[in-house]
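First the structure, in the form of C-alpha cells, and then the observations on it.
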Amino acid sequence: MFSGTDECSVEIGVSLLAQWFSQTEDIQPRIIIATLDTYADLVRADLDHRNVDLQKQGFVQDDGVFTVEKENYKKILTSANTVLFKQLGFTGNEVDFHNEDNSFIHKVLELKSGIPITLCVVYQCVASRLGVSLEFINYPGRLFLSYKTSDSEQVFIDVFDEGRVYSAQSILNHFPNRRDNNVDAFPVAKCKDVLLRMTLNLINIGRMEHHRQLSDPLYIILRNALQLYLVLEPKDSDVLLHLARVFVHLSINYDEVISWLQQILGRLSTNPQEKTFVAYLMELAHSQRESENQQPDEEKCNTRSVAQQQLIKYGVGMVMKHKRYHYRCVVYGWDYTCKQSKEWVQRMGVLRLDFKDKQPFYNVLVEDLSYRYAAQENLQHVTEEDMGPVSHPEVGKYFHQFTGTHYIPNTRLCQRYPNDNTLLTHTYTTQT
C-alpha cells in the first residue's frame with residue numbers, strides 16, 4: 001500500500017494514510033486530486049481578476065511542465081492566500097488541535113480546517129498546479145513551506161497562520177529552536193518524511209487518555225499509527241518496542257511480541273536499562289501466554305437462539321466483502337447489536353444506516369491490515385471470483401487454516417461462538 005513512498009506524490013500519500021485509518025469511508029485519491037484541481041482553478045480565476053496572466057509568469061520546461069519564474073512567485077501566492085484563506089475559509093484548528101480529523105486529508109478538505117502539516121499539503125499541492133514549487137521544511141514543532149527567491153534568499157511560509165511569510169532570520173526569532181539558530185539544520189521533507197511526521201502525530205494522539213476511551217478497546221488510533229509507522233520505517237526499534245508494549249498491555253499476539261523483543265535485544269548494545277526493560281516485557285509476554293494456555297477461557301459465549309439465528313446472518317471465519325467500500329475481510333467476532341459508544345455511532349454515521357445500530361455488527365480483519373467494526377447490512381458474501389485468503393497479520397491468531405472458501409476458527413474462537421461452526425458447515429455445504 002505504501003511502497004515507493006519516496007517517489008509518490010504527497011497528495012496520493014496522504015490519501016492512502018487517511019484510508020489506512022478509515023473504518024467506514026472509501027478515501028479515493030481521485031476525489032482528493034479533483035478537489036485540489038478545483039482550488040487551483042479558483043486561484044487562476046483570481047489571477048485573471050487581478051489582470052495577472054499566469055502563462056506570462058513563467059515558461060514550459062522540456063518535459064512539458066509549466067514553471068513560474070521565481071521573481072513572480074509572490075503574485076501567484078498572493079492569489080493562493082486570497083482563495084484558500086479568504087474565499088474558501090481554510091484555517092488552523094487551534095481550538096481542537098489534537099483532533100485526529102486534522103490529520104486526514106479528506107476531513108481537512110471537508111472542514112476547511114487542519115494542523116500545520118495538512119494545511120501545508122493542501123497549499124503545496126495547489127501551488128504546484130500553478131507552476132510554483134514549494135518545499136516542506138521539517139522545523140521542530142511546525143512544518144513550513146519554503147522557496148528561494150531569484151536572489152537566493154530563503155522564504156518560509158506558515159500556512160497555519162494564513163500564509164504568513166518569514167525570512168530566515170525572522171522565523172528563528174518567532175520560532176526559536178535548539179539547533180544553533182541555523183535554518184540550514186532543517187532538511188527538506190520528502191513525501192515519506194511528511195507521512196512519517198503525520199503518523200507520529202497520530203501516535204501522540206493515540207497515547208492521549210481521552211482518545212483511549214473511544215469505543216474500541218484496542219486503542220485503534222494508537223495501534224494503527226504504530227503499525228503504519230513500521231510499514232514506513234520497519235527498522236525503528238523505539239516504535240517496535242512501543243507496539244510490543246501495546247500488545248502486552250492488551251494481552252494479545254504473544255508470539256509476535258516475543259519475536260519483536262528478541263530482535264530489539266539484538267539491536268541494543270550499550271544501554272543496560274533498556275535491556276532490562278525489554279527483558280521484563282519478554283518475561284511478561286511469556287507469562288501471559290502460559291497463563292492463557294493453562295486457564296479456561298472465561299469470555300462470555302455468544303450463542304444464538306432460534307430467533308437470533310435468523311437475525312445473525314454471518315459467523316466467524318466467513319470471508320466477506322463490504323458493499324460500499326468493496327474491501328474483503330474475514331469475520332472474527334460479532335455482537336447482536338452495535339456495542340460501540342454513542343460518540344462512535346454518531347461519528348461513524350451509523351444512524352444513517354437503514355437498521356442503524358439495532359442490527360448485528362461484526363469485527364473483521366481487513367486485507368488492508370486494518371481492523372473494522374461493520375454493520376450487517378453493509379456486508380455480503382464474496383463471489384467465487386473474489387474468494388481467497390485475506391492477507392492480514394493476525395489471521396493466525398484466530399484461525400487454524402483457510403479451506404478455500406472460509407477459515408476454520410481456533411479453539412478459543414469456537415468456545416466463544418459455539419454455534420458458528422454449524423452455520424459455517426450449513427453455508428458452505430449449501431453453496432457446494
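Residue numbering restarts at 1 in every chain; chains get A, B, ... in the order shown in the C-alpha cells, and ligands count up from 1 in that same order.
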Q: List the neighbours of stretch 248-261 of chain A out to 9 Å using only C-alpha atoms; skip same-chain residues closer than 3 positions along the sequence, and give me the result as a ChimeraX atom specification.
A: /A:217-218,237,240-241,243-245,264-266,278-279,281-286,288-289,394,397
Hey, could you make a per-residue contact list for stretch 83-161 of chain A against stretch 58-78 of chain A with 7 Å as the cut-off, showing the nearest pair of atoms and its distance in Å to one decimal, counting only C-alpha atoms, sorted by chain and number, as a tab-separated table?
residue	atom	partner	partner_atom	distance
A:Gly131	CA	A:Thr67	CA	4.2
A:Val132	CA	A:Val68	CA	5.7
A:Thr149	CA	A:Lys70	CA	5.6
A:Ser150	CA	A:Lys70	CA	5.4
Export of the given selection (N, CA, C and O atoms) as an mmCIF file, in the first residue's frame:
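So again.cif came out as:
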data_model
loop_
_atom_site.group_PDB
_atom_site.id
_atom_site.type_symbol
_atom_site.label_atom_id
_atom_site.label_comp_id
_atom_site.auth_asym_id
_atom_site.auth_seq_id
_atom_site.Cartn_x
_atom_site.Cartn_y
_atom_site.Cartn_z
ATOM 1 N N GLY A 131 2.426 26.037 -11.074
ATOM 2 C CA GLY A 131 3.803 26.218 -11.505
ATOM 3 C C GLY A 131 4.738 26.729 -10.437
ATOM 4 O O GLY A 131 5.873 27.109 -10.732
ATOM 5 N N VAL A 132 4.274 26.777 -9.185
ATOM 6 C CA VAL A 132 5.085 27.251 -8.064
ATOM 7 C C VAL A 132 5.577 26.046 -7.269
ATOM 8 O O VAL A 132 4.778 25.270 -6.751
ATOM 9 N N THR A 149 14.173 32.804 -3.399
ATOM 10 C CA THR A 149 13.894 33.844 -4.385
ATOM 11 C C THR A 149 14.962 33.842 -5.471
ATOM 12 O O THR A 149 15.944 33.092 -5.395
ATOM 13 N N SER A 150 14.756 34.681 -6.473
ATOM 14 C CA SER A 150 15.751 34.785 -7.553
ATOM 15 C C SER A 150 17.077 35.310 -7.030
ATOM 16 O O SER A 150 18.121 35.134 -7.671
#
Q: Determine which residues of stretch 197-427 of chain A DSSP labels as helix (DSSP H, G or I) from the backbone of this structure, then write them out as a PyMOL selection string.
A: chain A and resi 197-206+209-212+220-232+237-250+254-267+272-294+306-311+342-347+350-352+376-378+395-398+411-416+420-427
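Coordinates place atom CA of A:Leu17 at a distance of 8.6 Å from atom CA of A:Ile105.
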Q: Report the residues of stretch 273-384 of chain A whose backbone DSSP state falls under strand (DSSP E or B), written as a PyMOL selection string.
A: chain A and resi 318-322+328-335+361-366+371-375+379-381
Expected file contents, prior selection, N, CA, C and O atoms, as an mmCIF file, in the first residue's frame:
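selection12.cif, freshly written:
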data_model
loop_
_atom_site.group_PDB
_atom_site.id
_atom_site.type_symbol
_atom_site.label_atom_id
_atom_site.label_comp_id
_atom_site.auth_asym_id
_atom_site.auth_seq_id
_atom_site.Cartn_x
_atom_site.Cartn_y
_atom_site.Cartn_z
ATOM 1 N N MET A 318 -16.033 -16.509 8.156
ATOM 2 C CA MET A 318 -16.564 -16.212 6.823
ATOM 3 C C MET A 318 -15.786 -15.074 6.182
ATOM 4 O O MET A 318 -15.461 -14.070 6.829
ATOM 5 N N VAL A 319 -15.506 -15.228 4.899
ATOM 6 C CA VAL A 319 -14.836 -14.185 4.120
ATOM 7 C C VAL A 319 -15.921 -13.326 3.482
ATOM 8 O O VAL A 319 -16.791 -13.836 2.764
ATOM 9 N N MET A 320 -15.894 -12.036 3.765
ATOM 10 C CA MET A 320 -16.954 -11.125 3.355
ATOM 11 C C MET A 320 -16.398 -10.000 2.480
ATOM 12 O O MET A 320 -15.180 -9.820 2.372
ATOM 13 N N LYS A 321 -17.326 -9.250 1.900
ATOM 14 C CA LYS A 321 -16.956 -8.057 1.136
ATOM 15 C C LYS A 321 -17.889 -6.930 1.528
ATOM 16 O O LYS A 321 -19.102 -7.138 1.695
ATOM 17 N N HIS A 322 -17.330 -5.744 1.713
ATOM 18 C CA HIS A 322 -18.134 -4.580 2.072
ATOM 19 C C HIS A 322 -18.867 -4.083 0.832
ATOM 20 O O HIS A 322 -18.269 -3.899 -0.224
ATOM 21 N N ARG A 328 -12.289 -6.675 1.108
ATOM 22 C CA ARG A 328 -12.508 -8.048 1.553
ATOM 23 C C ARG A 328 -12.031 -8.182 2.999
ATOM 24 O O ARG A 328 -11.073 -7.522 3.408
ATOM 25 N N CYS A 329 -12.691 -9.055 3.746
ATOM 26 C CA CYS A 329 -12.351 -9.188 5.155
ATOM 27 C C CYS A 329 -12.795 -10.565 5.654
ATOM 28 O O CYS A 329 -13.533 -11.288 4.964
ATOM 29 N N VAL A 330 -12.341 -10.920 6.850
ATOM 30 C CA VAL A 330 -12.788 -12.154 7.488
ATOM 31 C C VAL A 330 -13.353 -11.823 8.870
ATOM 32 O O VAL A 330 -12.780 -11.018 9.611
ATOM 33 N N VAL A 331 -14.488 -12.414 9.195
ATOM 34 C CA VAL A 331 -15.169 -12.157 10.470
ATOM 35 C C VAL A 331 -14.441 -12.908 11.592
ATOM 36 O O VAL A 331 -14.185 -14.106 11.483
ATOM 37 N N TYR A 332 -14.103 -12.192 12.679
ATOM 38 C CA TYR A 332 -13.502 -12.861 13.832
ATOM 39 C C TYR A 332 -14.284 -12.587 15.126
ATOM 40 O O TYR A 332 -13.849 -12.939 16.216
ATOM 41 N N GLY A 333 -15.470 -11.974 14.990
ATOM 42 C CA GLY A 333 -16.310 -11.722 16.150
ATOM 43 C C GLY A 333 -17.571 -10.990 15.737
ATOM 44 O O GLY A 333 -17.641 -10.421 14.639
ATOM 45 N N TRP A 334 -18.579 -11.018 16.589
ATOM 46 C CA TRP A 334 -19.819 -10.285 16.297
ATOM 47 C C TRP A 334 -20.565 -9.968 17.588
ATOM 48 O O TRP A 334 -20.347 -10.579 18.624
ATOM 49 N N ASP A 335 -21.455 -8.986 17.478
ATOM 50 C CA ASP A 335 -22.354 -8.617 18.572
ATOM 51 C C ASP A 335 -23.783 -8.584 18.028
ATOM 52 O O ASP A 335 -23.999 -8.268 16.851
ATOM 53 N N PHE A 361 -23.377 -6.398 14.427
ATOM 54 C CA PHE A 361 -22.143 -5.769 13.967
ATOM 55 C C PHE A 361 -21.021 -6.798 14.074
ATOM 56 O O PHE A 361 -20.983 -7.599 15.009
ATOM 57 N N TYR A 362 -20.104 -6.756 13.123
ATOM 58 C CA TYR A 362 -19.072 -7.778 13.021
ATOM 59 C C TYR A 362 -17.680 -7.180 13.153
ATOM 60 O O TYR A 362 -17.376 -6.150 12.524
ATOM 61 N N ASN A 363 -16.841 -7.825 13.958
ATOM 62 C CA ASN A 363 -15.413 -7.498 13.998
ATOM 63 C C ASN A 363 -14.752 -8.214 12.829
ATOM 64 O O ASN A 363 -14.894 -9.433 12.690
ATOM 65 N N VAL A 364 -14.062 -7.466 11.992
ATOM 66 C CA VAL A 364 -13.454 -8.079 10.809
ATOM 67 C C VAL A 364 -11.994 -7.659 10.667
ATOM 68 O O VAL A 364 -11.614 -6.533 11.026
ATOM 69 N N LEU A 365 -11.186 -8.581 10.160
ATOM 70 C CA LEU A 365 -9.815 -8.297 9.761
ATOM 71 C C LEU A 365 -9.845 -7.986 8.274
ATOM 72 O O LEU A 365 -10.329 -8.797 7.483
ATOM 73 N N VAL A 366 -9.327 -6.821 7.907
ATOM 74 C CA VAL A 366 -9.431 -6.356 6.519
ATOM 75 C C VAL A 366 -8.104 -6.547 5.803
ATOM 76 O O VAL A 366 -7.035 -6.446 6.414
ATOM 77 N N TYR A 371 -8.483 -3.134 11.232
ATOM 78 C CA TYR A 371 -9.498 -3.837 11.999
ATOM 79 C C TYR A 371 -10.749 -2.968 11.953
ATOM 80 O O TYR A 371 -10.675 -1.781 12.257
ATOM 81 N N ARG A 372 -11.884 -3.552 11.580
ATOM 82 C CA ARG A 372 -13.077 -2.726 11.455
ATOM 83 C C ARG A 372 -14.276 -3.381 12.130
ATOM 84 O O ARG A 372 -14.277 -4.581 12.403
ATOM 85 N N TYR A 373 -15.260 -2.552 12.369
ATOM 86 C CA TYR A 373 -16.484 -2.985 13.032
ATOM 87 C C TYR A 373 -17.612 -2.640 12.077
ATOM 88 O O TYR A 373 -17.998 -1.474 11.937
ATOM 89 N N ALA A 374 -18.132 -3.644 11.369
ATOM 90 C CA ALA A 374 -19.015 -3.396 10.229
ATOM 91 C C ALA A 374 -20.437 -3.850 10.517
ATOM 92 O O ALA A 374 -20.678 -4.901 11.117
ATOM 93 N N ALA A 375 -21.385 -3.047 10.064
ATOM 94 C CA ALA A 375 -22.795 -3.374 10.201
ATOM 95 C C ALA A 375 -23.169 -4.511 9.253
ATOM 96 O O ALA A 375 -22.633 -4.619 8.148
ATOM 97 N N LEU A 379 -22.418 -5.785 4.720
ATOM 98 C CA LEU A 379 -21.569 -6.920 4.341
ATOM 99 C C LEU A 379 -22.330 -7.897 3.452
ATOM 100 O O LEU A 379 -23.558 -8.012 3.522
ATOM 101 N N GLN A 380 -21.570 -8.606 2.634
ATOM 102 C CA GLN A 380 -22.127 -9.672 1.809
ATOM 103 C C GLN A 380 -21.049 -10.730 1.586
ATOM 104 O O GLN A 380 -19.857 -10.448 1.713
ATOM 105 N N HIS A 381 -21.478 -11.952 1.235
ATOM 106 C CA HIS A 381 -20.510 -12.991 0.919
ATOM 107 C C HIS A 381 -19.719 -12.607 -0.327
ATOM 108 O O HIS A 381 -20.264 -11.989 -1.249
#
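Taking atom CA of A:Thr337 and atom CA of A:Cys301 as endpoints, the distance between them is 15.1 Å.
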Counting only C-alpha atoms, which residues in stretch 49-114 of chain A sit no more than 10 Å from stretch 155-174 of chain A? For each one, give the nearest pair of atoms and the distance in Å, sorted by chain then residue number, as a tab-separated table.
residue	atom	partner	partner_atom	distance
A:Leu77	CA	A:Gly163	CA	8.5
A:Thr78	CA	A:Gly163	CA	8.8
A:Ala80	CA	A:Gly163	CA	8.9
A:Asn81	CA	A:Gly163	CA	6.2
A:Thr82	CA	A:Glu162	CA	9.2
A:Leu84	CA	A:Glu162	CA	8.4
A:Phe85	CA	A:Glu162	CA	6.1
A:Lys86	CA	A:Glu162	CA	9.0
A:Gly89	CA	A:Glu162	CA	9.7
A:Phe90	CA	A:Glu162	CA	7.9
A:Thr91	CA	A:Phe160	CA	6.8
A:Gly92	CA	A:Phe160	CA	5.0
A:Asn93	CA	A:Phe160	CA	8.4
A:Glu94	CA	A:Phe160	CA	9.2
A:Ser113	CA	A:Phe160	CA	9.5
A:Gly114	CA	A:Phe160	CA	8.1
Residues of the last selection are to be written out with all heavy atoms, as an mmCIF file, in the first residue's frame.
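out.cif, written as the output of this step:
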data_model
loop_
_atom_site.group_PDB
_atom_site.id
_atom_site.type_symbol
_atom_site.label_atom_id
_atom_site.label_comp_id
_atom_site.auth_asym_id
_atom_site.auth_seq_id
_atom_site.Cartn_x
_atom_site.Cartn_y
_atom_site.Cartn_z
ATOM 1 N N LEU A 77 1.239 33.457 -5.150
ATOM 2 C CA LEU A 77 0.920 33.065 -3.781
ATOM 3 C C LEU A 77 -0.032 34.049 -3.106
ATOM 4 O O LEU A 77 -0.798 33.667 -2.216
ATOM 5 C CB LEU A 77 2.206 32.911 -2.964
ATOM 6 C CG LEU A 77 3.137 31.782 -3.453
ATOM 7 C CD1 LEU A 77 4.385 31.711 -2.592
ATOM 8 C CD2 LEU A 77 2.412 30.444 -3.462
ATOM 9 N N THR A 78 0.004 35.295 -3.527
ATOM 10 C CA THR A 78 -0.970 36.261 -3.009
ATOM 11 C C THR A 78 -2.379 35.837 -3.376
ATOM 12 O O THR A 78 -3.303 35.879 -2.542
ATOM 13 C CB THR A 78 -0.684 37.674 -3.569
ATOM 14 O OG1 THR A 78 0.597 38.113 -3.113
ATOM 15 C CG2 THR A 78 -1.751 38.662 -3.114
ATOM 16 N N ALA A 80 -3.249 32.748 -4.148
ATOM 17 C CA ALA A 80 -3.498 31.490 -3.441
ATOM 18 C C ALA A 80 -3.977 31.766 -2.022
ATOM 19 O O ALA A 80 -4.910 31.107 -1.524
ATOM 20 C CB ALA A 80 -2.229 30.638 -3.426
ATOM 21 N N ASN A 81 -3.358 32.731 -1.352
ATOM 22 C CA ASN A 81 -3.775 33.098 0.002
ATOM 23 C C ASN A 81 -5.214 33.624 0.010
ATOM 24 O O ASN A 81 -6.011 33.287 0.901
ATOM 25 C CB ASN A 81 -2.840 34.160 0.580
ATOM 26 C CG ASN A 81 -1.454 33.616 0.878
ATOM 27 O OD1 ASN A 81 -1.261 32.408 0.937
ATOM 28 N ND2 ASN A 81 -0.490 34.502 1.054
ATOM 29 N N THR A 82 -5.536 34.448 -0.969
ATOM 30 C CA THR A 82 -6.892 35.008 -1.050
ATOM 31 C C THR A 82 -7.932 33.907 -1.204
ATOM 32 O O THR A 82 -8.959 33.894 -0.522
ATOM 33 C CB THR A 82 -6.986 35.986 -2.241
ATOM 34 O OG1 THR A 82 -6.084 37.076 -2.028
ATOM 35 C CG2 THR A 82 -8.405 36.519 -2.391
ATOM 36 N N LEU A 84 -7.593 30.449 -0.716
ATOM 37 C CA LEU A 84 -7.622 29.414 0.317
ATOM 38 C C LEU A 84 -8.111 29.940 1.661
ATOM 39 O O LEU A 84 -8.915 29.285 2.334
ATOM 40 C CB LEU A 84 -6.235 28.789 0.469
ATOM 41 C CG LEU A 84 -5.760 27.935 -0.718
ATOM 42 C CD1 LEU A 84 -4.311 27.493 -0.513
ATOM 43 C CD2 LEU A 84 -6.649 26.722 -0.908
ATOM 44 N N PHE A 85 -7.641 31.130 2.052
ATOM 45 C CA PHE A 85 -7.944 31.611 3.406
ATOM 46 C C PHE A 85 -9.133 32.572 3.467
ATOM 47 O O PHE A 85 -9.863 32.572 4.449
ATOM 48 C CB PHE A 85 -6.707 32.268 4.008
ATOM 49 C CG PHE A 85 -5.511 31.360 4.013
ATOM 50 C CD1 PHE A 85 -4.344 31.713 3.350
ATOM 51 C CD2 PHE A 85 -5.555 30.136 4.652
ATOM 52 C CE1 PHE A 85 -3.239 30.876 3.337
ATOM 53 C CE2 PHE A 85 -4.460 29.280 4.646
ATOM 54 C CZ PHE A 85 -3.300 29.647 3.982
ATOM 55 N N LYS A 86 -9.339 33.368 2.439
ATOM 56 C CA LYS A 86 -10.454 34.319 2.448
ATOM 57 C C LYS A 86 -11.697 33.745 1.787
ATOM 58 O O LYS A 86 -12.791 33.779 2.344
ATOM 59 C CB LYS A 86 -10.036 35.619 1.740
ATOM 60 C CG LYS A 86 -8.779 36.271 2.285
ATOM 61 C CD LYS A 86 -8.905 36.614 3.771
ATOM 62 C CE LYS A 86 -7.630 37.286 4.285
ATOM 63 N NZ LYS A 86 -7.674 37.504 5.751
ATOM 64 N N GLY A 89 -11.963 29.789 3.150
ATOM 65 C CA GLY A 89 -12.042 29.809 4.613
ATOM 66 C C GLY A 89 -11.178 28.790 5.343
ATOM 67 O O GLY A 89 -11.468 28.429 6.490
ATOM 68 N N PHE A 90 -10.084 28.337 4.710
ATOM 69 C CA PHE A 90 -9.182 27.421 5.414
ATOM 70 C C PHE A 90 -8.566 28.128 6.615
ATOM 71 O O PHE A 90 -8.202 29.311 6.542
ATOM 72 C CB PHE A 90 -8.076 26.935 4.483
ATOM 73 C CG PHE A 90 -8.470 25.744 3.657
ATOM 74 C CD1 PHE A 90 -9.039 25.911 2.406
ATOM 75 C CD2 PHE A 90 -8.288 24.456 4.135
ATOM 76 C CE1 PHE A 90 -9.415 24.813 1.634
ATOM 77 C CE2 PHE A 90 -8.650 23.354 3.389
ATOM 78 C CZ PHE A 90 -9.225 23.535 2.124
ATOM 79 N N THR A 91 -8.441 27.377 7.721
ATOM 80 C CA THR A 91 -7.877 27.964 8.935
ATOM 81 C C THR A 91 -7.197 26.891 9.765
ATOM 82 O O THR A 91 -7.502 25.696 9.644
ATOM 83 C CB THR A 91 -8.987 28.648 9.765
ATOM 84 O OG1 THR A 91 -8.406 29.309 10.884
ATOM 85 C CG2 THR A 91 -9.982 27.620 10.283
ATOM 86 N N GLY A 92 -6.278 27.321 10.611
ATOM 87 C CA GLY A 92 -5.644 26.392 11.542
ATOM 88 C C GLY A 92 -6.580 26.084 12.694
ATOM 89 O O GLY A 92 -7.194 26.988 13.259
ATOM 90 N N ASN A 93 -6.702 24.805 13.026
ATOM 91 C CA ASN A 93 -7.616 24.394 14.094
ATOM 92 C C ASN A 93 -6.912 24.492 15.447
ATOM 93 O O ASN A 93 -6.434 23.503 16.001
ATOM 94 C CB ASN A 93 -8.110 22.967 13.848
ATOM 95 C CG ASN A 93 -9.264 22.590 14.766
ATOM 96 O OD1 ASN A 93 -9.575 23.304 15.721
ATOM 97 N ND2 ASN A 93 -9.901 21.477 14.479
ATOM 98 N N GLU A 94 -6.877 25.684 15.981
ATOM 99 C CA GLU A 94 -6.220 25.900 17.272
ATOM 100 C C GLU A 94 -7.096 25.437 18.436
ATOM 101 O O GLU A 94 -6.581 25.038 19.484
ATOM 102 C CB GLU A 94 -5.873 27.376 17.428
ATOM 103 C CG GLU A 94 -4.856 27.883 16.413
ATOM 104 C CD GLU A 94 -4.452 29.322 16.651
ATOM 105 O OE1 GLU A 94 -5.119 30.224 16.118
ATOM 106 O OE2 GLU A 94 -3.461 29.527 17.369
ATOM 107 N N SER A 113 -10.257 22.981 7.759
ATOM 108 C CA SER A 113 -9.525 23.221 8.992
ATOM 109 C C SER A 113 -8.530 22.097 9.198
ATOM 110 O O SER A 113 -8.801 20.941 8.854
ATOM 111 C CB SER A 113 -10.514 23.280 10.165
ATOM 112 O OG SER A 113 -9.846 23.482 11.384
ATOM 113 N N GLY A 114 -7.360 22.433 9.765
ATOM 114 C CA GLY A 114 -6.362 21.399 9.972
ATOM 115 C C GLY A 114 -5.212 21.889 10.825
ATOM 116 O O GLY A 114 -5.267 22.959 11.432
#
**Q.** Residue contacts of A:Tyr428 (10 Å, only C-alpha atoms) excluding same-chain residues fewer than 4 positions away, as a list in words
**A.** Met318, Thr405, His406, Leu423, Leu424 and Thr432 of chain A
Selection file, C-alpha atoms, as an mmCIF file, in the first residue's frame:
data_model
loop_
_atom_site.group_PDB
_atom_site.id
_atom_site.type_symbol
_atom_site.label_atom_id
_atom_site.label_comp_id
_atom_site.auth_asym_id
_atom_site.auth_seq_id
_atom_site.Cartn_x
_atom_site.Cartn_y
_atom_site.Cartn_z
ATOM 1 C CA MET A 318 -16.564 -16.212 6.823
ATOM 2 C CA THR A 405 -13.942 -20.899 0.994
ATOM 3 C CA HIS A 406 -13.664 -19.924 4.670
ATOM 4 C CA LEU A 423 -23.544 -22.044 10.368
ATOM 5 C CA LEU A 424 -20.244 -22.415 8.503
ATOM 6 C CA THR A 432 -21.222 -26.547 -2.993
#
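The two atoms in question, atom CA of A:Asp101 and atom CA of A:Ala225, are spaced 13.6 Å apart.
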What's the 9 Å shell around A:Thr118, counting only C-alpha atoms, without same-chain residues fewer than 3 positions away, as an mmCIF file with C-alpha atoms, in the first residue's frame?
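Writing the result to out-v7.cif gives the following:
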data_model
loop_
_atom_site.group_PDB
_atom_site.id
_atom_site.type_symbol
_atom_site.label_atom_id
_atom_site.label_comp_id
_atom_site.auth_asym_id
_atom_site.auth_seq_id
_atom_site.Cartn_x
_atom_site.Cartn_y
_atom_site.Cartn_z
ATOM 1 C CA VAL A 14 -1.842 11.475 2.441
ATOM 2 C CA ASN A 102 -6.940 17.308 11.471
ATOM 3 C CA SER A 103 -4.539 14.676 10.108
ATOM 4 C CA PHE A 104 -6.829 13.207 7.454
ATOM 5 C CA ILE A 105 -6.802 14.999 4.108
ATOM 6 C CA VAL A 108 -9.350 18.778 6.152
ATOM 7 C CA SER A 113 -9.525 23.221 8.992
ATOM 8 C CA GLY A 114 -6.362 21.399 9.972
ATOM 9 C CA ILE A 115 -2.944 21.428 11.577
ATOM 10 C CA VAL A 121 -0.024 19.699 1.986
ATOM 11 C CA VAL A 122 -3.122 21.465 0.620
ATOM 12 C CA TYR A 123 -1.201 24.680 -0.040
ATOM 13 C CA MET A 198 1.846 12.775 10.221
#
Q: Determine, counting only C-alpha atoms, which protein, DNA and RNA residues have an atom within 8 Å of an atom of A:Ile137; residues of the same chain fewer than 5 positions away are not included. Present the result as number ranges by chain.
A: A: 143-146, 186-189
Output of the above residues as a PDB file, in the first residue's frame, restricted to N, CA and C atoms:
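result.pdb written:
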ATOM      1  N   LEU A 143       5.520  22.321  10.693  1.00  0.00           N
ATOM      2  CA  LEU A 143       6.006  22.175   9.323  1.00  0.00           C
ATOM      3  C   LEU A 143       5.779  23.482   8.575  1.00  0.00           C
ATOM      4  N   PHE A 144       6.771  23.901   7.808  1.00  0.00           N
ATOM      5  CA  PHE A 144       6.667  25.098   6.979  1.00  0.00           C
ATOM      6  C   PHE A 144       6.871  24.727   5.516  1.00  0.00           C
ATOM      7  N   LEU A 145       6.462  25.651   4.643  1.00  0.00           N
ATOM      8  CA  LEU A 145       6.804  25.563   3.231  1.00  0.00           C
ATOM      9  C   LEU A 145       7.875  26.606   2.951  1.00  0.00           C
ATOM     10  N   SER A 146       8.682  26.366   1.931  1.00  0.00           N
ATOM     11  CA  SER A 146       9.789  27.281   1.676  1.00  0.00           C
ATOM     12  C   SER A 146      10.152  27.292   0.193  1.00  0.00           C
ATOM     13  N   PHE A 186      17.653  22.268   9.172  1.00  0.00           N
ATOM     14  CA  PHE A 186      16.368  21.599   8.983  1.00  0.00           C
ATOM     15  C   PHE A 186      16.218  21.202   7.527  1.00  0.00           C
ATOM     16  N   PRO A 187      16.289  19.915   7.257  1.00  0.00           N
ATOM     17  CA  PRO A 187      16.288  19.453   5.868  1.00  0.00           C
ATOM     18  C   PRO A 187      14.923  19.547   5.210  1.00  0.00           C
ATOM     19  N   VAL A 188      14.937  19.487   3.901  1.00  0.00           N
ATOM     20  CA  VAL A 188      13.700  19.410   3.125  1.00  0.00           C
ATOM     21  C   VAL A 188      13.039  18.058   3.401  1.00  0.00           C
ATOM     22  N   ALA A 189      11.734  18.065   3.610  1.00  0.00           N
ATOM     23  CA  ALA A 189      10.989  16.832   3.878  1.00  0.00           C
ATOM     24  C   ALA A 189      10.392  16.307   2.582  1.00  0.00           C
TER      25      ALA A 189
END
(Q) Let me make sure I understand: among A:Thr403, A:Ser9, A:Gln340, A:Ser79, which one has the smallest atom-to-atom distance to A:Leu42 if we use only C-alpha atoms? (A) A:Ser79
Q.
So that I can check the surroundings of A:Asp26, please list as a ChimeraX atom specification every protein, DNA and RNA residue that reaches within 12 Å of it, counting only C-alpha atoms and ignoring chain neighbours fewer than 4 positions away.
A. /A:15-22,30-32,106,322-327
